[in-house]
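Chemist: Take a look at the following structure, please.
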Amino acid sequence: RLVLALGLVSLLCLSLVISAPARLLGALLPPEQVLLQGLEGTVWQGSASRALVRAPTGYLHLGTVHWSLHPLSLLLLAPSVDIDSSWGSQSMAGELVWRGSGDVDLRRFEASVSADLLRQFAPVSLAGTLSVQLQELLLRDGLPARGAGRLVWQNGAWPTAQGVLPLGNYAVEFRKEPEEALTGQVVTLSGPVEASGVVELRERAYLVDILLSGQGLQEPQLQQALGLIARPVDKGYRIKLEGELQAPHRG
């Protein structure tokens with residue numbers, strides 16, 4: 001009878017764990033990092049009608065989020081979850097491994113956001129769509145520690161007081177090795193303005209060094225805009241930006 005009773009209690013506990021409602025995540029996740037609203041389903045597989053994640057300059061809106069948590073990952077104290085989200089034209093999908101505040105592994109990850117979002121991380125204003133494809137990227141204290149991927153700027157344009165100037169489509173193939181800076185090569189896919197150069201991120205210090213050329217530079221409004229951030233060189237302009245990313249909010 002004792003064995004039978006223990007078996008029934010174990011089954012009851014297992015049933016309670018398996019059916020744990022998604023609303024429990026509100027108490028488990030750090031509220032200063034993640035905010036979830038409209039929770040449905042279970043802790044293991046569910047959705048939120050609205051999700052926000054802390055970024056260096058505030059919260060990023062992820063929109064509707066669906067997730068599937070890998071139970072065995074909890075034994076390693078590194079919860080792994082397959083996640084996808086959508087908010088208007090913004091989307092995200094992939095595997096996320098949470099190792100602590102600011103420590104995250106991204107695997108088979110793809111995302112598409114408005115290029116204007118870049119203003120939260122660097123002093124530039126852009127139009128168009130940014131998409132990223134990552135096989136793996138390890139973030140430690142919010143910064144890349146290892147990985148490689150591809151960033152594409154589609155329908156790139158430059159906002160000015162007179163309107164938006166079309167530029168083209170561009171890509172950055174980047175790689176980060178341990179103890180080395182993240183480096184990327186800028187290439188032009190199509191468009192009236194050709195861009196080539198490098199981007200670099202070492203700790204929080206960033207460098208953008210790009211050479212612009214092509215017939216599109218004959219546009220007077222673009223020349224006026226480039227005059228504020230670039231210097232003329234033979235057959236084009238050179239943009240060189242240096243600075244530091246803002247540290248994330250704490251507490």
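Naming works like this for the structure tokens: A, B, ... for the chains as they're shown, residue 1 at the start of each chain, ligands 1 onward in shown order.
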Give me the residues near segment 167-169 of chain A as number ranges by chain, where near means some atom within 12 Å (using only C-alpha atoms) and where sequence neighbours in that chain fewer than 6 positions away do not count.
Modeler: A: 126-131, 151-159, 186-195, 212-219, 222
Chemist: Take the residues just selected and output them with N, CA, C and O atoms as a short mmCIF file (atom, residue, chain, number, x, y, z; two decimals), in the first residue's frame.
Modeler:
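Now in part-v7.cif:
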data_model
loop_
_atom_site.label_atom_id
_atom_site.label_comp_id
_atom_site.auth_asym_id
_atom_site.auth_seq_id
_atom_site.Cartn_x
_atom_site.Cartn_y
_atom_site.Cartn_z
N LEU A 126 18.46 55.17 -39.99
CA LEU A 126 18.36 54.46 -41.25
C LEU A 126 16.91 54.05 -41.51
O LEU A 126 16.10 53.96 -40.58
N ALA A 127 16.59 53.81 -42.77
CA ALA A 127 15.28 53.29 -43.16
C ALA A 127 15.48 51.98 -43.91
O ALA A 127 16.56 51.72 -44.44
N GLY A 128 14.43 51.16 -43.95
CA GLY A 128 14.53 49.86 -44.59
C GLY A 128 14.32 48.75 -43.57
O GLY A 128 13.78 48.97 -42.49
N THR A 129 14.78 47.55 -43.92
CA THR A 129 14.61 46.38 -43.06
C THR A 129 15.95 45.71 -42.83
O THR A 129 16.72 45.50 -43.76
N LEU A 130 16.22 45.38 -41.57
CA LEU A 130 17.42 44.62 -41.20
C LEU A 130 17.02 43.19 -40.90
O LEU A 130 16.10 42.95 -40.11
N SER A 131 17.68 42.22 -41.53
CA SER A 131 17.44 40.82 -41.24
C SER A 131 18.77 40.16 -40.89
O SER A 131 19.81 40.50 -41.46
N LEU A 151 24.17 39.74 -41.71
CA LEU A 151 23.22 40.83 -41.53
C LEU A 151 22.95 41.45 -42.90
O LEU A 151 23.89 41.79 -43.62
N VAL A 152 21.67 41.59 -43.24
CA VAL A 152 21.29 42.15 -44.54
C VAL A 152 20.42 43.38 -44.33
O VAL A 152 19.47 43.36 -43.53
N TRP A 153 20.77 44.45 -45.02
CA TRP A 153 19.97 45.68 -45.01
C TRP A 153 19.24 45.75 -46.34
O TRP A 153 19.84 45.97 -47.38
N GLN A 154 17.92 45.53 -46.30
CA GLN A 154 17.11 45.50 -47.51
C GLN A 154 16.37 46.82 -47.70
O GLN A 154 15.90 47.42 -46.73
N ASN A 155 16.27 47.23 -48.97
CA ASN A 155 15.60 48.49 -49.30
C ASN A 155 16.17 49.64 -48.45
O ASN A 155 15.44 50.46 -47.90
N GLY A 156 17.48 49.64 -48.34
CA GLY A 156 18.15 50.65 -47.54
C GLY A 156 17.87 52.06 -48.03
O GLY A 156 17.82 52.32 -49.24
N ALA A 157 17.68 52.97 -47.09
CA ALA A 157 17.41 54.36 -47.44
C ALA A 157 17.91 55.25 -46.31
O ALA A 157 18.13 54.80 -45.19
N TRP A 158 18.07 56.53 -46.64
CA TRP A 158 18.61 57.51 -45.70
C TRP A 158 17.56 58.60 -45.46
O TRP A 158 17.25 59.36 -46.36
N PRO A 159 17.01 58.69 -44.25
CA PRO A 159 16.01 59.74 -43.97
C PRO A 159 16.67 61.11 -43.92
O PRO A 159 17.72 61.29 -43.29
N VAL A 186 31.55 44.55 -45.27
CA VAL A 186 30.38 45.15 -45.88
C VAL A 186 30.45 44.96 -47.40
O VAL A 186 31.48 45.27 -48.02
N VAL A 187 29.36 44.44 -47.99
CA VAL A 187 29.32 44.24 -49.45
C VAL A 187 28.00 44.79 -49.98
O VAL A 187 26.99 44.84 -49.27
N THR A 188 28.00 45.20 -51.24
CA THR A 188 26.80 45.72 -51.90
C THR A 188 26.13 44.61 -52.69
O THR A 188 26.77 43.94 -53.50
N LEU A 189 24.83 44.42 -52.47
CA LEU A 189 24.07 43.43 -53.22
C LEU A 189 23.45 44.05 -54.47
O LEU A 189 23.43 43.44 -55.53
N SER A 190 22.93 45.25 -54.33
CA SER A 190 22.36 45.98 -55.47
C SER A 190 22.07 47.40 -55.03
O SER A 190 22.01 47.70 -53.84
N GLY A 191 21.90 48.29 -56.03
CA GLY A 191 21.52 49.66 -55.71
C GLY A 191 22.42 50.70 -56.36
O GLY A 191 23.52 50.39 -56.83
N PRO A 192 21.97 51.95 -56.37
CA PRO A 192 22.72 53.02 -57.02
C PRO A 192 23.93 53.50 -56.24
O PRO A 192 24.78 54.19 -56.79
N VAL A 193 24.01 53.15 -54.95
CA VAL A 193 25.15 53.53 -54.13
C VAL A 193 25.89 52.27 -53.71
O VAL A 193 25.31 51.36 -53.11
N GLU A 194 27.18 52.18 -54.06
CA GLU A 194 27.99 51.02 -53.71
C GLU A 194 28.72 51.28 -52.40
O GLU A 194 29.26 52.37 -52.18
N ALA A 195 28.71 50.28 -51.53
CA ALA A 195 29.36 50.39 -50.22
C ALA A 195 30.30 49.22 -50.02
O ALA A 195 29.99 48.07 -50.37
N LEU A 212 31.85 54.80 -49.82
CA LEU A 212 30.67 54.88 -50.69
C LEU A 212 31.08 55.41 -52.05
O LEU A 212 31.88 56.35 -52.16
N SER A 213 30.52 54.82 -53.10
CA SER A 213 30.78 55.26 -54.46
C SER A 213 29.56 54.94 -55.31
O SER A 213 28.59 54.35 -54.84
N GLY A 214 29.61 55.32 -56.60
CA GLY A 214 28.50 55.01 -57.49
C GLY A 214 27.73 56.23 -57.95
O GLY A 214 27.88 57.34 -57.41
N GLN A 215 26.87 56.03 -58.96
CA GLN A 215 26.12 57.12 -59.55
C GLN A 215 25.11 57.73 -58.59
O GLN A 215 24.76 58.90 -58.70
N GLY A 216 24.65 56.94 -57.62
CA GLY A 216 23.66 57.46 -56.68
C GLY A 216 24.17 58.61 -55.85
O GLY A 216 23.37 59.38 -55.29
N LEU A 217 25.47 58.77 -55.76
CA LEU A 217 26.04 59.85 -54.95
C LEU A 217 25.89 61.21 -55.62
O LEU A 217 26.21 62.24 -55.02
N GLN A 218 25.40 61.23 -56.86
CA GLN A 218 25.20 62.50 -57.54
C GLN A 218 23.95 63.23 -57.04
O GLN A 218 23.75 64.40 -57.35
N GLU A 219 23.13 62.54 -56.26
CA GLU A 219 21.92 63.15 -55.72
C GLU A 219 22.29 64.26 -54.73
O GLU A 219 22.97 64.01 -53.73
N LEU A 222 21.50 63.70 -51.02
CA LEU A 222 22.35 62.71 -50.39
C LEU A 222 23.73 63.31 -50.10
O LEU A 222 24.31 63.06 -49.04
#
Chemist: Excluding Ser91 of chain A and residues on its chain fewer than 4 positions from it, collect all residues at most 8 Å away from it, counting only C-alpha atoms, and give them as a list in words.
Modeler: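 Non-adjacent residues within range: Leu62, Asp84, Ser85, Ser86, Trp87, Ala111, Ser112 and Val113 of chain A.
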Chemist: With only C-alpha atoms as the basis for distance, which of A:Leu143, A:Val132, A:Pro178, A:Met92 is at the shortest distance from Asp105 of chain A?
Modeler: A:Leu143
Chemist: Using DSSP secondary structure from the backbone, list all helix (DSSP H, G or I) positions within segment 8-236 of chain A, as a ChimeraX atom specification.
Modeler: /A:8-18,22-28,71-76,115-120,215-218,220-226
Chemist: Quick one: contact table of segment 91-210 of chain A to segment 236-241 of chain A, 8 Å max, nearest atom pair and distance in Å to one decimal per residue, counting only C-alpha atoms, chain and number order, as a tab-separated table?
Modeler:
residue	atom	partner	partner_atom	distance
A:Tyr206	CA	A:Leu241	CA	7.9
A:Leu207	CA	A:Leu241	CA	5.7
A:Val208	CA	A:Leu241	CA	5.0
A:Asp209	CA	A:Lys240	CA	4.5
A:Ile210	CA	A:Ile239	CA	5.2
Chemist: Write the residues of the selection above to a file with N, CA and C atoms, as an mmCIF file, in the first residue's frame.
Modeler:
data_model
loop_
_atom_site.group_PDB
_atom_site.id
_atom_site.type_symbol
_atom_site.label_atom_id
_atom_site.label_comp_id
_atom_site.auth_asym_id
_atom_site.auth_seq_id
_atom_site.Cartn_x
_atom_site.Cartn_y
_atom_site.Cartn_z
ATOM 1 N N TYR A 206 32.840 50.297 -30.816
ATOM 2 C CA TYR A 206 32.530 49.917 -32.188
ATOM 3 C C TYR A 206 33.244 50.839 -33.177
ATOM 4 N N LEU A 207 33.490 50.292 -34.359
ATOM 5 C CA LEU A 207 34.097 51.039 -35.463
ATOM 6 C C LEU A 207 33.351 50.681 -36.738
ATOM 7 N N VAL A 208 32.951 51.693 -37.485
ATOM 8 C CA VAL A 208 32.342 51.518 -38.799
ATOM 9 C C VAL A 208 33.175 52.328 -39.788
ATOM 10 N N ASP A 209 33.769 51.671 -40.769
ATOM 11 C CA ASP A 209 34.619 52.335 -41.755
ATOM 12 C C ASP A 209 34.181 51.871 -43.147
ATOM 13 N N ILE A 210 33.425 52.713 -43.844
ATOM 14 C CA ILE A 210 32.791 52.319 -45.112
ATOM 15 C C ILE A 210 33.093 53.351 -46.197
#
Chemist: Using Å and a single decimal, report how far atom CA of Gln221 of chain A sits from atom CA of Leu165 of chain A.
Modeler: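 We find that atom CA of Leu165 of chain A and atom CA of Gln221 of chain A lie 7.9 Å from each other.
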Chemist: Run DSSP on the backbone and give me the residues of segment 35-226 of chain A it puts in strand (DSSP E or B), as a PyMOL selection string.
Modeler: chain A and resi 35-42+45-55+58-70+80-87+90-100+103-114+127-140+143-160+163-176+182-190+194-202+205-213
Chemist: To one decimal place in Å, what is the distance between atom CA of Gln37 of chain A and atom CA of Trp67 of chain A?
Modeler: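 Here the two named atoms are 13.9 Å from each other.
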Chemist: When you look at Thr183 of chain A with a cut-off of 12 Å (counting only C-alpha atoms), what residues show up, excluding the ones that are within fewer than 4 positions of it in the same chain? I need them as a ChimeraX atom specification.
Modeler: /A:144,146-150,172-177,197-203,206-209
Chemist: Can you write out the residues you just picked, keeping N, CA, C and O atoms, as a short mmCIF file (atom, residue, chain, number, x, y, z; two decimals), in the first residue's frame?
Modeler:
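The resulting out08.cif:
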data_model
loop_
_atom_site.label_atom_id
_atom_site.label_comp_id
_atom_site.auth_asym_id
_atom_site.auth_seq_id
_atom_site.Cartn_x
_atom_site.Cartn_y
_atom_site.Cartn_z
N PRO A 144 28.69 39.98 -27.84
CA PRO A 144 29.08 38.74 -28.53
C PRO A 144 30.38 38.16 -27.98
O PRO A 144 31.36 38.88 -27.80
N ARG A 146 31.20 34.62 -29.09
CA ARG A 146 31.60 33.72 -30.16
C ARG A 146 30.43 33.52 -31.10
O ARG A 146 29.28 33.54 -30.68
N GLY A 147 30.75 33.32 -32.37
CA GLY A 147 29.68 33.03 -33.33
C GLY A 147 29.95 33.64 -34.68
O GLY A 147 30.99 34.25 -34.94
N ALA A 148 28.99 33.47 -35.57
CA ALA A 148 29.10 34.00 -36.92
C ALA A 148 27.70 34.14 -37.49
O ALA A 148 26.76 33.47 -37.06
N GLY A 149 27.57 35.02 -38.47
CA GLY A 149 26.26 35.21 -39.07
C GLY A 149 26.29 36.20 -40.22
O GLY A 149 27.37 36.61 -40.69
N ARG A 150 25.11 36.57 -40.63
CA ARG A 150 24.96 37.47 -41.78
C ARG A 150 23.87 38.48 -41.48
O ARG A 150 22.78 38.12 -41.04
N VAL A 172 26.42 42.27 -44.45
CA VAL A 172 27.63 42.20 -43.64
C VAL A 172 27.79 40.75 -43.18
O VAL A 172 26.93 40.22 -42.48
N GLU A 173 28.87 40.11 -43.60
CA GLU A 173 29.23 38.78 -43.12
C GLU A 173 30.17 38.97 -41.94
O GLU A 173 31.24 39.55 -42.08
N PHE A 174 29.74 38.50 -40.75
CA PHE A 174 30.56 38.78 -39.57
C PHE A 174 30.92 37.50 -38.82
O PHE A 174 30.24 36.47 -38.94
N ARG A 175 31.99 37.58 -38.02
CA ARG A 175 32.48 36.45 -37.23
C ARG A 175 33.08 36.96 -35.94
O ARG A 175 33.69 38.04 -35.91
N LYS A 176 32.91 36.19 -34.88
CA LYS A 176 33.49 36.53 -33.58
C LYS A 176 34.14 35.29 -33.00
O LYS A 176 33.50 34.27 -32.79
N GLU A 177 35.46 35.37 -32.77
CA GLU A 177 36.20 34.31 -32.12
C GLU A 177 36.54 34.73 -30.69
O GLU A 177 36.64 35.92 -30.40
N GLY A 197 33.61 47.99 -47.04
CA GLY A 197 34.35 48.39 -45.85
C GLY A 197 34.26 47.36 -44.75
O GLY A 197 33.96 46.18 -45.00
N VAL A 198 34.49 47.80 -43.52
CA VAL A 198 34.52 46.89 -42.38
C VAL A 198 33.74 47.48 -41.21
O VAL A 198 33.57 48.70 -41.10
N VAL A 199 33.24 46.59 -40.37
CA VAL A 199 32.67 46.97 -39.08
C VAL A 199 33.38 46.13 -38.03
O VAL A 199 33.79 45.00 -38.29
N GLU A 200 33.53 46.70 -36.83
CA GLU A 200 34.25 46.00 -35.76
C GLU A 200 33.63 46.34 -34.42
O GLU A 200 33.22 47.48 -34.18
N LEU A 201 33.54 45.33 -33.56
CA LEU A 201 33.06 45.53 -32.20
C LEU A 201 34.03 44.82 -31.26
O LEU A 201 34.16 43.60 -31.28
N ARG A 202 34.71 45.61 -30.42
CA ARG A 202 35.64 45.07 -29.43
C ARG A 202 35.16 45.50 -28.05
O ARG A 202 35.19 46.68 -27.73
N GLU A 203 34.71 44.52 -27.27
CA GLU A 203 34.00 44.84 -26.02
C GLU A 203 32.80 45.72 -26.39
O GLU A 203 31.97 45.32 -27.16
N TYR A 206 32.84 50.30 -30.82
CA TYR A 206 32.53 49.92 -32.19
C TYR A 206 33.24 50.84 -33.18
O TYR A 206 33.55 51.99 -32.88
N LEU A 207 33.49 50.29 -34.36
CA LEU A 207 34.10 51.04 -35.46
C LEU A 207 33.35 50.68 -36.74
O LEU A 207 33.14 49.51 -37.04
N VAL A 208 32.95 51.69 -37.48
CA VAL A 208 32.34 51.52 -38.80
C VAL A 208 33.18 52.33 -39.79
O VAL A 208 33.30 53.54 -39.65
N ASP A 209 33.77 51.67 -40.77
CA ASP A 209 34.62 52.34 -41.76
C ASP A 209 34.18 51.87 -43.15
O ASP A 209 34.50 50.75 -43.57
#
Chemist: For Leu245 of chain A, which of A:Gly142, A:Ser49, A:Ser114, A:Gln223 is the closest residue, counting only C-alpha atoms?
Modeler: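 Checking each of A:Gly142, A:Ser49, A:Ser114, A:Gln223 against Leu245 of chain A, counting only C-alpha atoms, the winner is A:Gly142.
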Chemist: Give the answer as one residue: which of A:Gln135, A:Ser101, A:Gln224, A:Ser80 has the shortest atom-to-atom distance to Gln162 of chain A, using only C-alpha atoms?
Modeler: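 Smallest distance to Gln162 of chain A is found for A:Gln224.
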Chemist: Using only C-alpha atoms for the distances, tell me which of A:Leu35, A:Thr160, A:Glu180, A:Tyr170 is nearest to Leu226 of chain A.
Modeler: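 Looking only at the distances to Leu226 of chain A, the closest residue turns out to be A:Thr160.
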